[in-house]
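Reading through the structure tokens given below for one structure.
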Amino acid sequence: MLVSPCIFCQIAAGDHLAVRILETDQVMAFLDIAPVHPGHALVIPKDHYENLLELPDELWGEMGQVCRQVAQALQKAFQAPGFNLGMNNFEAAGQAVFHAHIHVIPRFYGDGLQLFPQSGYQPGEMQEVGRRLRQALASEEEMGGKD
Ligand code: AMP
Ligand code: ZN
């Protein structure tokens, strides 16, 4: 069976062109080829993990540090007064490249972007949603304790 190579693994290995901006032992940052604004960067682990749920804690921490450095560079180089971090996990959330990555997007006053249109809750719905999530987290903790 022919398995198509992962484009971000190829970039990490230097087998595919990318404009790199920062690299650590385990993490790399490079420019998104289709930016929201110039400077829009992607932060990836060099090893292949599909999404946040697969990433080891230490690597997630290192990716966070690299995001912070990239954000500071965007402030300095382009005087970006703000930035968004974004991560699409799984197809339903719009993930198109199944190698975990965090978008670091510079933001400017009046740039017109609205990333998350918001809605509201019916009466009582918010309490019920909170209860379901606390229950899910509690059963996750129980399972974790048994391992
Ligand atoms: P998503 O998986 O939805 O977070 O989107 C993947 C992102 O990767 C998109 O913003 C693409 O523009 C970007 N992308 C895809 N291929 C490349 C590439 N070869 N170099 C840089 N960015 C890329
Ligand atoms: Zn990969």
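Following the order of the structure tokens, first chain is A, next is B, and so on, with residues numbered from 1 inside each chain and ligands from 1 in the order they appear.
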If you count only C-alpha atoms, which residues fall within 7 Å of A:Pro45, apart from same-chain ones fewer than 4 positions away, as number ranges by chain?
A: 26-28
With N, CA, C and O atoms retained, write the just-selected residues as an mmCIF file, in the first residue's frame.
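Output (again_20.cif):
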data_model
loop_
_atom_site.group_PDB
_atom_site.id
_atom_site.type_symbol
_atom_site.label_atom_id
_atom_site.label_comp_id
_atom_site.auth_asym_id
_atom_site.auth_seq_id
_atom_site.Cartn_x
_atom_site.Cartn_y
_atom_site.Cartn_z
ATOM 1 N N GLN A 26 13.158 19.809 19.265
ATOM 2 C CA GLN A 26 11.999 18.990 18.894
ATOM 3 C C GLN A 26 10.910 19.719 18.133
ATOM 4 O O GLN A 26 9.919 19.120 17.736
ATOM 5 N N VAL A 27 11.101 21.039 17.963
ATOM 6 C CA VAL A 27 10.012 21.866 17.423
ATOM 7 C C VAL A 27 10.536 22.780 16.314
ATOM 8 O O VAL A 27 11.693 23.203 16.347
ATOM 9 N N MET A 28 9.655 23.073 15.352
ATOM 10 C CA MET A 28 10.036 23.985 14.274
ATOM 11 C C MET A 28 8.887 24.962 13.998
ATOM 12 O O MET A 28 7.717 24.599 14.129
#
Nearby polymer residues, ligand 1, at most 9 Å, only C-alpha atoms and all ligand atoms, as a tab-separated table (two decimals) with all heavy atoms, in the first residue's frame:
chain	number	residue	atom	x	y	z
A	7	ILE	N	3.31	16.05	4.64
A	7	ILE	CA	3.99	17.26	4.16
A	7	ILE	C	4.79	17.95	5.28
A	7	ILE	O	5.90	18.45	5.06
A	7	ILE	CB	2.99	18.25	3.50
A	7	ILE	CG1	3.69	19.44	2.87
A	7	ILE	CG2	1.93	18.71	4.46
A	7	ILE	CD1	4.41	19.13	1.61
A	8	PHE	N	4.26	17.96	6.51
A	8	PHE	CA	4.98	18.63	7.59
A	8	PHE	C	6.17	17.79	8.07
A	8	PHE	O	7.18	18.34	8.50
A	8	PHE	CB	4.04	18.99	8.74
A	8	PHE	CG	3.09	20.13	8.42
A	8	PHE	CD1	2.14	20.55	9.35
A	8	PHE	CD2	3.15	20.80	7.20
A	8	PHE	CE1	1.27	21.60	9.06
A	8	PHE	CE2	2.28	21.85	6.89
A	8	PHE	CZ	1.33	22.25	7.83
A	10	GLN	N	7.93	16.12	5.99
A	10	GLN	CA	8.90	16.43	4.93
A	10	GLN	C	9.56	17.79	5.18
A	10	GLN	O	10.76	17.95	4.99
A	10	GLN	CB	8.20	16.45	3.56
A	10	GLN	CG	7.82	15.07	3.08
A	10	GLN	CD	7.17	15.15	1.70
A	10	GLN	OE1	6.05	15.64	1.56
A	10	GLN	NE2	7.87	14.71	0.70
A	11	ILE	N	8.77	18.75	5.63
A	11	ILE	CA	9.33	20.08	5.95
A	11	ILE	C	10.31	19.95	7.12
A	11	ILE	O	11.41	20.49	7.08
A	11	ILE	CB	8.20	21.09	6.25
A	11	ILE	CG1	7.48	21.46	4.95
A	11	ILE	CG2	8.73	22.33	6.97
A	11	ILE	CD1	6.26	22.35	5.11
A	16	HIS	N	11.23	19.26	1.99
A	16	HIS	CA	10.25	20.09	1.29
A	16	HIS	C	10.52	21.53	1.69
A	16	HIS	O	10.75	21.81	2.87
A	16	HIS	CB	8.82	19.68	1.69
A	16	HIS	CG	7.77	20.25	0.79
A	16	HIS	ND1	7.32	21.55	0.90
A	16	HIS	CD2	7.10	19.70	-0.24
A	16	HIS	CE1	6.40	21.76	-0.04
A	16	HIS	NE2	6.25	20.67	-0.74
A	17	LEU	N	10.48	22.42	0.73
A	17	LEU	CA	10.82	23.81	1.01
A	17	LEU	C	9.82	24.47	1.95
A	17	LEU	O	8.62	24.25	1.86
A	17	LEU	CB	10.85	24.62	-0.29
A	17	LEU	CG	12.11	24.50	-1.13
A	17	LEU	CD1	12.02	25.43	-2.33
A	17	LEU	CD2	13.35	24.83	-0.30
A	18	ALA	N	10.36	25.25	2.87
A	18	ALA	CA	9.52	26.07	3.75
A	18	ALA	C	10.38	27.23	4.21
A	18	ALA	O	11.61	27.14	4.24
A	18	ALA	CB	9.05	25.26	4.95
A	19	VAL	N	9.73	28.34	4.53
A	19	VAL	CA	10.47	29.47	5.09
A	19	VAL	C	10.49	29.30	6.59
A	19	VAL	O	9.53	29.60	7.30
A	19	VAL	CB	9.82	30.82	4.67
A	19	VAL	CG1	10.54	31.99	5.33
A	19	VAL	CG2	9.85	30.96	3.15
A	30	PHE	N	7.59	27.72	10.95
A	30	PHE	CA	7.79	28.18	9.57
A	30	PHE	C	6.54	28.93	9.12
A	30	PHE	O	5.49	28.87	9.77
A	30	PHE	CB	8.09	27.00	8.63
A	30	PHE	CG	7.05	25.92	8.63
A	30	PHE	CD1	6.01	25.93	7.70
A	30	PHE	CD2	7.09	24.89	9.56
A	30	PHE	CE1	5.04	24.93	7.70
A	30	PHE	CE2	6.11	23.89	9.57
A	30	PHE	CZ	5.10	23.91	8.64
A	31	LEU	N	6.67	29.65	8.01
A	31	LEU	CA	5.55	30.48	7.54
A	31	LEU	C	4.48	29.63	6.87
A	31	LEU	O	4.79	28.73	6.08
A	31	LEU	CB	6.05	31.54	6.55
A	31	LEU	CG	6.95	32.63	7.14
A	31	LEU	CD1	7.30	33.64	6.06
A	31	LEU	CD2	6.28	33.32	8.33
A	32	ASP	N	3.22	29.93	7.19
A	32	ASP	CA	2.09	29.31	6.50
A	32	ASP	C	2.07	29.82	5.07
A	32	ASP	O	2.21	31.02	4.81
A	32	ASP	CB	0.77	29.64	7.23
A	32	ASP	CG	-0.39	28.79	6.74
A	32	ASP	OD1	-0.66	28.77	5.52
A	32	ASP	OD2	-1.02	28.13	7.57
A	33	ILE	N	1.89	28.90	4.14
A	33	ILE	CA	1.95	29.24	2.71
A	33	ILE	C	0.74	30.08	2.27
A	33	ILE	O	0.80	30.77	1.26
A	33	ILE	CB	2.05	27.94	1.88
A	33	ILE	CG1	2.69	28.18	0.53
A	33	ILE	CG2	0.71	27.23	1.75
A	33	ILE	CD1	3.10	26.89	-0.17
A	34	ALA	N	-0.33	30.04	3.04
A	34	ALA	CA	-1.54	30.81	2.71
A	34	ALA	C	-1.95	31.63	3.94
A	34	ALA	O	-2.89	31.29	4.66
A	34	ALA	CB	-2.68	29.88	2.30
A	35	PRO	N	-1.22	32.71	4.19
A	35	PRO	CA	-1.37	33.42	5.47
A	35	PRO	C	-2.66	34.23	5.60
A	35	PRO	O	-3.15	34.77	4.62
A	35	PRO	CB	-0.16	34.37	5.48
A	35	PRO	CG	0.08	34.66	4.03
A	35	PRO	CD	-0.24	33.36	3.30
A	36	VAL	N	-3.15	34.29	6.83
A	36	VAL	CA	-4.22	35.24	7.15
A	36	VAL	C	-3.66	36.66	7.02
A	36	VAL	O	-4.30	37.55	6.46
A	36	VAL	CB	-4.73	34.99	8.59
A	36	VAL	CG1	-5.70	36.07	9.01
A	36	VAL	CG2	-5.39	33.61	8.69
A	40	HIS	N	2.03	35.05	9.47
A	40	HIS	CA	1.27	33.90	10.00
A	40	HIS	C	2.16	32.67	9.94
A	40	HIS	O	2.62	32.26	8.89
A	40	HIS	CB	0.03	33.74	9.11
A	40	HIS	CG	-0.82	32.53	9.39
A	40	HIS	ND1	-2.01	32.33	8.74
A	40	HIS	CD2	-0.67	31.46	10.22
A	40	HIS	CE1	-2.57	31.20	9.14
A	40	HIS	NE2	-1.76	30.64	10.03
A	41	ALA	N	2.42	32.10	11.12
A	41	ALA	CA	3.38	30.99	11.22
A	41	ALA	C	2.71	29.72	11.75
A	41	ALA	O	1.64	29.77	12.37
A	41	ALA	CB	4.52	31.40	12.16
A	42	LEU	N	3.36	28.61	11.48
A	42	LEU	CA	2.91	27.32	12.01
A	42	LEU	C	4.01	26.76	12.90
A	42	LEU	O	5.19	26.81	12.53
A	42	LEU	CB	2.62	26.34	10.87
A	42	LEU	CG	1.54	26.76	9.88
A	42	LEU	CD1	1.46	25.77	8.72
A	42	LEU	CD2	0.18	26.89	10.57
A	86	GLY	N	-4.09	29.35	17.19
A	86	GLY	CA	-5.20	28.49	16.77
A	86	GLY	C	-4.70	27.09	16.48
A	86	GLY	O	-3.57	26.90	16.01
A	87	MET	N	-5.53	26.12	16.80
A	87	MET	CA	-5.15	24.73	16.51
A	87	MET	C	-6.39	23.97	16.10
A	87	MET	O	-7.35	23.88	16.89
A	87	MET	CB	-4.51	24.10	17.74
A	87	MET	CG	-3.94	22.73	17.45
A	87	MET	SD	-3.11	22.07	18.91
A	87	MET	CE	-2.19	20.73	18.16
A	88	ASN	N	-6.40	23.44	14.89
A	88	ASN	CA	-7.51	22.63	14.42
A	88	ASN	C	-7.19	21.17	14.72
A	88	ASN	O	-6.15	20.67	14.30
A	88	ASN	CB	-7.73	22.84	12.92
A	88	ASN	CG	-8.01	24.29	12.58
A	88	ASN	OD1	-8.65	25.00	13.37
A	88	ASN	ND2	-7.53	24.76	11.45
A	89	ASN	N	-8.07	20.52	15.45
A	89	ASN	CA	-7.85	19.12	15.80
A	89	ASN	C	-8.99	18.28	15.24
A	89	ASN	O	-10.15	18.50	15.58
A	89	ASN	CB	-7.79	18.95	17.33
A	89	ASN	CG	-6.52	19.52	17.91
A	89	ASN	OD1	-5.47	18.89	17.88
A	89	ASN	ND2	-6.58	20.75	18.40
A	90	PHE	N	-8.67	17.36	14.38
A	90	PHE	CA	-9.59	16.44	13.71
A	90	PHE	C	-10.32	17.15	12.56
A	90	PHE	O	-10.45	18.38	12.55
A	90	PHE	CB	-10.59	15.79	14.69
A	90	PHE	CG	-9.92	14.96	15.75
A	90	PHE	CD1	-9.69	15.49	17.02
A	90	PHE	CD2	-9.50	13.65	15.50
A	90	PHE	CE1	-9.07	14.74	18.01
A	90	PHE	CE2	-8.88	12.90	16.49
A	90	PHE	CZ	-8.66	13.43	17.75
A	91	GLU	N	-10.78	16.32	11.62
A	91	GLU	CA	-11.40	16.82	10.39
A	91	GLU	C	-12.60	17.74	10.68
A	91	GLU	O	-12.78	18.77	10.03
A	91	GLU	CB	-11.84	15.62	9.55
A	91	GLU	CG	-12.24	15.96	8.15
A	91	GLU	CD	-12.65	14.72	7.37
A	91	GLU	OE1	-12.72	13.61	7.96
A	91	GLU	OE2	-12.90	14.86	6.16
A	93	ALA	N	-13.07	19.78	12.87
A	93	ALA	CA	-12.66	21.12	13.31
A	93	ALA	C	-11.88	21.83	12.21
A	93	ALA	O	-11.30	22.89	12.46
A	93	ALA	CB	-11.83	21.01	14.57
A	94	GLY	N	-11.85	21.24	11.03
A	94	GLY	CA	-11.18	21.91	9.90
A	94	GLY	C	-9.72	21.54	9.74
A	94	GLY	O	-9.01	22.19	8.97
A	95	GLN	N	-9.26	20.51	10.47
A	95	GLN	CA	-7.86	20.12	10.29
A	95	GLN	C	-7.67	19.55	8.89
A	95	GLN	O	-8.40	18.63	8.48
A	95	GLN	CB	-7.44	19.08	11.35
A	95	GLN	CG	-5.94	18.78	11.31
A	95	GLN	CD	-5.46	17.89	12.46
A	95	GLN	OE1	-6.26	17.40	13.26
A	95	GLN	NE2	-4.16	17.66	12.52
A	96	ALA	N	-6.71	20.12	8.16
A	96	ALA	CA	-6.45	19.67	6.79
A	96	ALA	C	-5.14	18.92	6.69
A	96	ALA	O	-4.97	18.06	5.84
A	96	ALA	CB	-6.45	20.87	5.85
A	97	VAL	N	-4.18	19.28	7.56
A	97	VAL	CA	-2.89	18.57	7.59
A	97	VAL	C	-2.83	17.83	8.91
A	97	VAL	O	-2.86	18.45	9.99
A	97	VAL	CB	-1.72	19.56	7.46
A	97	VAL	CG1	-0.39	18.83	7.59
A	97	VAL	CG2	-1.78	20.30	6.12
A	98	PHE	N	-2.75	16.51	8.83
A	98	PHE	CA	-2.88	15.69	10.04
A	98	PHE	C	-1.53	15.42	10.69
A	98	PHE	O	-1.15	14.29	10.97
A	98	PHE	CB	-3.67	14.42	9.72
A	98	PHE	CG	-5.10	14.76	9.38
A	98	PHE	CD1	-5.47	15.01	8.07
A	98	PHE	CD2	-6.03	14.93	10.39
A	98	PHE	CE1	-6.77	15.38	7.76
A	98	PHE	CE2	-7.33	15.32	10.10
A	98	PHE	CZ	-7.70	15.54	8.78
A	99	HIS	N	-0.81	16.50	10.90
A	99	HIS	CA	0.43	16.56	11.68
A	99	HIS	C	0.20	17.77	12.58
A	99	HIS	O	0.01	18.89	12.07
A	99	HIS	CB	1.63	16.73	10.74
A	99	HIS	CG	2.96	16.83	11.42
A	99	HIS	ND1	4.05	16.04	11.06
A	99	HIS	CD2	3.40	17.62	12.42
A	99	HIS	CE1	5.10	16.35	11.82
A	99	HIS	NE2	4.72	17.33	12.65
A	100	ALA	N	0.18	17.55	13.89
A	100	ALA	CA	-0.21	18.60	14.84
A	100	ALA	C	0.51	19.92	14.54
A	100	ALA	O	1.72	19.92	14.28
A	100	ALA	CB	0.12	18.15	16.26
A	101	HIS	N	-0.22	21.03	14.59
A	101	HIS	CA	0.40	22.33	14.36
A	101	HIS	C	-0.44	23.42	15.01
A	101	HIS	O	-1.66	23.33	15.08
A	101	HIS	CB	0.57	22.62	12.87
A	101	HIS	CG	-0.69	22.49	12.07
A	101	HIS	ND1	-1.21	21.28	11.66
A	101	HIS	CD2	-1.57	23.44	11.64
A	101	HIS	CE1	-2.33	21.48	10.99
A	101	HIS	NE2	-2.58	22.78	10.98
A	102	ILE	N	0.26	24.45	15.48
A	102	ILE	CA	-0.40	25.61	16.07
A	102	ILE	C	-0.18	26.80	15.13
A	102	ILE	O	0.96	27.07	14.73
A	102	ILE	CB	0.18	25.94	17.47
A	102	ILE	CG1	0.07	24.72	18.39
A	102	ILE	CG2	-0.54	27.14	18.07
A	102	ILE	CD1	0.77	24.91	19.73
A	103	HIS	N	-1.28	27.47	14.80
A	103	HIS	CA	-1.18	28.69	13.99
A	103	HIS	C	-0.87	29.87	14.93
A	103	HIS	O	-1.53	30.03	15.96
A	103	HIS	CB	-2.52	29.00	13.32
A	103	HIS	CG	-2.97	27.98	12.31
A	103	HIS	ND1	-2.88	28.18	10.96
A	103	HIS	CD2	-3.51	26.73	12.46
A	103	HIS	CE1	-3.36	27.12	10.32
A	103	HIS	NE2	-3.76	26.23	11.21
A:Ala29 environment, 8 Å, only C-alpha atoms, sequence neighbours closer than 6 positions dropped, as a PyMOL selection string:
chain A and resi 20-23+41-44+66+70
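Considering only C-alpha atoms, the residue among A:Ala80, A:Leu85, A:Leu59, A:Ala73 positioned nearest to A:Tyr109 is A:Ala80.
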Closest of A:Leu52, A:Pro106, A:Val129, A:Pro38 to A:Arg68 - atom-to-atom distances counting only C-alpha atoms:
A:Pro106
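If only C-alpha atoms and all ligand atoms are the atoms counted, then among A:Asn84, A:Gln114, A:Asn51, A:Gln75 the closest residue to ligand 2 is A:Asn51.
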Please, which residues of stretch 8-144 of chain A, numbered as in this document, come out helix (DSSP H, G or I) from DSSP, as a ChimeraX atom specification?
/A:8-13,52-54,57-78,91-93,125-144
Skipping near chain neighbours, those fewer than 6 positions away, what residues fall within 12 Å of A:Asp111 using only C-alpha atoms, listed as a PyMOL selection string?
chain A and resi 36-37+80-83+105
Quick one: write out the picked residues with C-alpha atoms as a PDB file, in the first residue's frame?
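Written out: out_5.pdb:
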ATOM      1  CA  VAL A  36      -4.219  35.241   7.154  1.00  0.00           C
ATOM      2  CA  HIS A  37      -1.692  38.094   7.377  1.00  0.00           C
ATOM      3  CA  ALA A  80       1.510  43.565  15.474  1.00  0.00           C
ATOM      4  CA  PRO A  81      -0.519  44.821  18.453  1.00  0.00           C
ATOM      5  CA  GLY A  82      -2.045  41.361  18.983  1.00  0.00           C
ATOM      6  CA  PHE A  83      -1.941  37.750  17.915  1.00  0.00           C
ATOM      7  CA  ILE A 105      -1.516  34.751  13.536  1.00  0.00           C
TER       8      ILE A 105
END
